[in-house]
Amino acid sequence: MKRFLAFFMLLLPIALSAQTKLSANIAEDFSNRVAERYQQKNHQAELFIADQLSKSGTGGLDIDKTMTDLKSDPAALDESLKFLYQYNDCNRQTLIAYFREMGVLSGSVYPLATYTVNKYKNESKTLIEEKATIIKMGAMPVAAATPQPIPAKKPASAKKVSSEEEATSVSYDNTPTAASAGVKEPGDSTAVATIAGGDDYNWDVRTLFKLRTPQELENLYGKENVVYRGTTDLAGNDAGNAYFVFPDTDNEMQVIFDGDKGTTITFTKPHSKWKSPFGIKVGDPLDKVVKVNGRDFKINGFEWTDGGIVNSWEGGSIAGKGVLVLFKANNSGDPGMYDKVTGDKKVKTDMGVLKKLEVVVDKIEFKSN
């Protein structure tokens with residue numbers, strides 16, 4: 001009996017470990033199954049996962065790339081399992097059935113389900129309540145039986161969206177895909193809306209990370225709404241030229257193409273219609289960015305080299321996601337307060353004085369990978 005107990009105690013840590021950590025082959029198997037289904041664009045759960053990853057920011061700037069290679073991003077893979085668990089009502093048997101329907105290898109199904117349930121069981125109640133809210137808001141995507149072609153652009157005289165419909169469409173951060181919304185995609189040469197900043201445009205910034213040429217940008221937003229001129233980086237240094245979309249308006253956006261290295265998009269105007277990654281916009285308070293990052297971070301001291309620019313995300317959810325933010329203080333009239341966060345120093349965002357200084361986002365840059 002003692003030998004049995006000793007053997008059991010030896011195996012217990014191993015069994016527990018198997019339930020709290022995914023092996024590389026199981027993670028890869030799940031990743032491959034998600035990639036296959038996501039690329040078909042007609043599986044509701046995978047579309048739901050992608051939208052939730054984008055909303056939380058875990059999916060990064062290029063959600064398509066993340067969804068087709070989850071094994072390379074452990075944080076996104078874990079979050080995708082959480083959202084799949086939520087999609088299946090936080091029910092282990094339903095989740096197991098879904099894994100099987102996905103084509104997950106039989107030897108991976110139970111370890112994957114056990115890992116997911118153990119990791120998120122304490123969040124089950126919250127996830128189920130959130131799902132009810134998501135459904136009520138109409139934000140859970142419903143895929144067509146077969147992929148549908150992109151419809152032609154509506155003429156400028158077409159009926160405008162009512163204020164009530166518009167409010168519904170922006171009440172949730174998950175923006176419909178171009179195919180489902182009937183908006184232009186890169187390379188579509190159909191006519192564009194004649195009013196700059198009109199409601200016929202796709203305002204989801206994620207669309208632009210797929211672009212690689214100015215021609216695609218002009219096709220998407222109209223040649224008359226794109227100009228090429230000099231620009232500066234967030235620190236105010238000369239950065240050469242950029243393509244400005246809707247220049248000199250609230251919806252102005254700067255785009256710099258860097259071939260296969262990605263695309264850099266910069267915003268400097270508040271009150272724009274653009275739906276940006278992580279939901280961060282110019283004018284947002286510091287507290288909001290801290291919340292999105294999931295922890296406090298460090299910025300460079302104001303009135304100095306790279307002053308006000310994020311120095312380190314401190315391992316938060318925005319870290320390594322291609323996001324650069326410049327902050328400014330709207331209330332810098334009190335030298336005694338302002339001097340505490342100026343000069344050659346790194347300022348932690350938990351400093352109480354920053355709230356009194358009304359620090360907000362001044363500019364924000366997104367660089368796709």
# chains A, B, ... in the order shown; residues from 1 in each chain; ligands from 1
>>> residues_around(residues="A:Ser368", least_positions_apart="4", cutoff="9 Å", atoms="only C-alpha atoms", output="PyMOL selection string")
chain A and resi 60-62+209-210+261-265+321-323
>>> residues_around(residues="A:Leu127", least_positions_apart="3", cutoff="10 Å", atoms="only C-alpha atoms", output="short mmCIF file (atom, residue, chain, number, x, y, z; two decimals) with N, CA, C and O atoms, in the first residue's frame")
data_model
loop_
_atom_site.label_atom_id
_atom_site.label_comp_id
_atom_site.auth_asym_id
_atom_site.auth_seq_id
_atom_site.Cartn_x
_atom_site.Cartn_y
_atom_site.Cartn_z
N LYS A 82 -9.66 30.34 -25.11
CA LYS A 82 -10.63 30.95 -24.20
C LYS A 82 -11.89 31.35 -24.94
O LYS A 82 -13.02 31.07 -24.49
N PHE A 83 -11.72 32.00 -26.09
CA PHE A 83 -12.88 32.45 -26.85
C PHE A 83 -13.64 31.26 -27.45
O PHE A 83 -14.87 31.32 -27.60
N TYR A 85 -13.86 28.37 -25.96
CA TYR A 85 -14.53 27.88 -24.76
C TYR A 85 -15.79 28.70 -24.51
O TYR A 85 -16.87 28.16 -24.22
N GLN A 86 -15.67 30.00 -24.66
CA GLN A 86 -16.82 30.90 -24.50
C GLN A 86 -17.87 30.61 -25.56
O GLN A 86 -19.07 30.54 -25.27
N TYR A 87 -17.43 30.44 -26.79
CA TYR A 87 -18.34 30.17 -27.90
C TYR A 87 -19.14 28.90 -27.65
O TYR A 87 -20.31 28.81 -28.03
N ASP A 89 -20.17 27.81 -24.79
CA ASP A 89 -20.89 27.94 -23.53
C ASP A 89 -20.12 27.43 -22.32
O ASP A 89 -20.72 27.01 -21.32
N CYS A 90 -18.79 27.42 -22.42
CA CYS A 90 -17.95 26.96 -21.31
C CYS A 90 -18.35 25.56 -20.85
O CYS A 90 -18.33 25.24 -19.65
N TYR A 120 -9.41 28.26 -17.69
CA TYR A 120 -10.44 29.30 -17.72
C TYR A 120 -11.70 28.97 -16.91
O TYR A 120 -12.69 29.70 -17.00
N LYS A 121 -11.66 27.92 -16.10
CA LYS A 121 -12.85 27.54 -15.34
C LYS A 121 -13.29 28.64 -14.38
O LYS A 121 -14.49 28.80 -14.11
N ASN A 122 -12.36 29.39 -13.84
CA ASN A 122 -12.72 30.47 -12.92
C ASN A 122 -13.32 31.67 -13.62
O ASN A 122 -13.84 32.59 -12.97
N GLU A 123 -13.23 31.68 -14.96
CA GLU A 123 -13.79 32.79 -15.74
C GLU A 123 -15.09 32.39 -16.42
O GLU A 123 -15.68 33.20 -17.15
N SER A 124 -15.53 31.16 -16.20
CA SER A 124 -16.70 30.63 -16.92
C SER A 124 -17.93 31.52 -16.80
O SER A 124 -18.59 31.84 -17.79
N GLU A 130 -20.75 37.48 -20.78
CA GLU A 130 -20.26 38.30 -21.89
C GLU A 130 -20.82 37.80 -23.22
O GLU A 130 -21.17 38.60 -24.09
N LYS A 131 -20.91 36.48 -23.37
CA LYS A 131 -21.44 35.93 -24.61
C LYS A 131 -22.88 36.39 -24.83
O LYS A 131 -23.27 36.74 -25.94
N ALA A 132 -23.68 36.37 -23.76
CA ALA A 132 -25.07 36.82 -23.88
C ALA A 132 -25.14 38.27 -24.35
O ALA A 132 -25.97 38.63 -25.19
N THR A 133 -24.22 39.09 -23.83
CA THR A 133 -24.18 40.50 -24.24
C THR A 133 -23.77 40.63 -25.70
O THR A 133 -24.34 41.43 -26.45
#
>>> select_by_dssp(residues="stretch 207-307 of chain A", states="helix (DSSP H, G or I)", output="list in words")
Thr207, Leu208, Phe209, Lys210, Pro214, Gln215, Glu216, Leu217, Glu218, Asn219, Leu220, Tyr221, Lys223, Glu224, Asn225, Gly259, Asp260, Lys261, Pro277, Phe278, Gly279, Leu286, Asp287, Lys288, Val289, Val290, Lys291, Val292 and Asn293 of chain A
>>> atom_distance(atom1="atom CA of A:Val347", atom2="atom CA of A:Lys281")
21.3 Å
>>> residues_around(residues="A:Leu95", least_positions_apart="2", cutoff="12 Å", atoms="only C-alpha atoms", output="VMD selection string")
chain A and resid 45 81 to 93 97 to 102 104 109 to 117
>>> residues_around(residues="A:Lys356", least_positions_apart="6", cutoff="10 Å", atoms="only C-alpha atoms", output="ChimeraX atom specification")
/A:329-332,334,337-338
>>> residues_around(residues="stretch 53-56 of chain A", least_positions_apart="5", cutoff="10 Å", atoms="only C-alpha atoms", output="list in words")
Leu47, Phe48, Leu61, Asp62, Ile63, Thr66, Met67, Ala76, Leu77, Glu79, Ser80, Phe83, Tyr172, Asp173, Asn174, Thr175, Arg206, Ser276, Pro277, Phe278, Gly279, Val292, Asn293, Ser317 and Ile318 of chain A
>>> write_last_selection(atoms="C-alpha atoms", output="PDB file, in the first residue's frame")
ATOM      1  CA  LEU A  47     -14.446  34.299 -37.209  1.00  0.00           C
ATOM      2  CA  PHE A  48     -15.651  34.946 -33.665  1.00  0.00           C
ATOM      3  CA  LEU A  61      -2.070  44.321 -36.132  1.00  0.00           C
ATOM      4  CA  ASP A  62      -2.360  41.574 -38.734  1.00  0.00           C
ATOM      5  CA  ILE A  63      -5.112  39.275 -37.498  1.00  0.00           C
ATOM      6  CA  THR A  66      -2.010  35.598 -36.289  1.00  0.00           C
ATOM      7  CA  MET A  67      -4.942  33.306 -37.029  1.00  0.00           C
ATOM      8  CA  ALA A  76      -2.916  34.507 -28.882  1.00  0.00           C
ATOM      9  CA  LEU A  77      -3.241  30.704 -28.870  1.00  0.00           C
ATOM     10  CA  GLU A  79      -6.814  33.526 -25.887  1.00  0.00           C
ATOM     11  CA  SER A  80      -8.205  31.696 -28.914  1.00  0.00           C
ATOM     12  CA  PHE A  83     -12.878  32.446 -26.849  1.00  0.00           C
ATOM     13  CA  TYR A 172     -18.956  47.067 -30.722  1.00  0.00           C
ATOM     14  CA  ASP A 173     -15.317  47.142 -31.787  1.00  0.00           C
ATOM     15  CA  ASN A 174     -15.616  44.161 -34.123  1.00  0.00           C
ATOM     16  CA  THR A 175     -15.888  45.637 -37.603  1.00  0.00           C
ATOM     17  CA  ARG A 206      -6.807  46.415 -40.184  1.00  0.00           C
ATOM     18  CA  SER A 276      -7.980  51.394 -34.782  1.00  0.00           C
ATOM     19  CA  PRO A 277      -6.258  48.298 -33.366  1.00  0.00           C
ATOM     20  CA  PHE A 278      -6.677  47.934 -29.597  1.00  0.00           C
ATOM     21  CA  GLY A 279      -9.308  50.687 -29.815  1.00  0.00           C
ATOM     22  CA  VAL A 292      -5.571  48.071 -22.721  1.00  0.00           C
ATOM     23  CA  ASN A 293      -1.952  47.139 -21.993  1.00  0.00           C
ATOM     24  CA  SER A 317      -0.456  43.013 -24.014  1.00  0.00           C
ATOM     25  CA  ILE A 318       0.696  45.751 -26.417  1.00  0.00           C
TER      26      ILE A 318
END
>>> atom_distance(atom1="atom CA of A:Thr342", atom2="atom CA of A:Thr305")
10.4 Å
>>> residues_around(residues="A:Thr68", least_positions_apart="4", cutoff="10 Å", atoms="only C-alpha atoms", output="list in words")
Ser31, Asn32, Arg33, Val34, Ala35, Glu36, Arg37, Tyr38, Gln39, Ile63, Asp64 and Ser72 of chain A
>>> atom_distance(atom1="atom CA of A:His43", atom2="atom CA of A:Pro74")
22.3 Å
>>> residues_around(residues="A:His271", least_positions_apart="6", cutoff="9 Å", atoms="only C-alpha atoms", output="PyMOL selection string")
chain A and resi 250-251+281-283
>>> select_by_dssp(residues="stretch 220-282 of chain A", states="strand (DSSP E)", output="PyMOL selection string")
chain A and resi 226-232+238-245+253-257+263-267
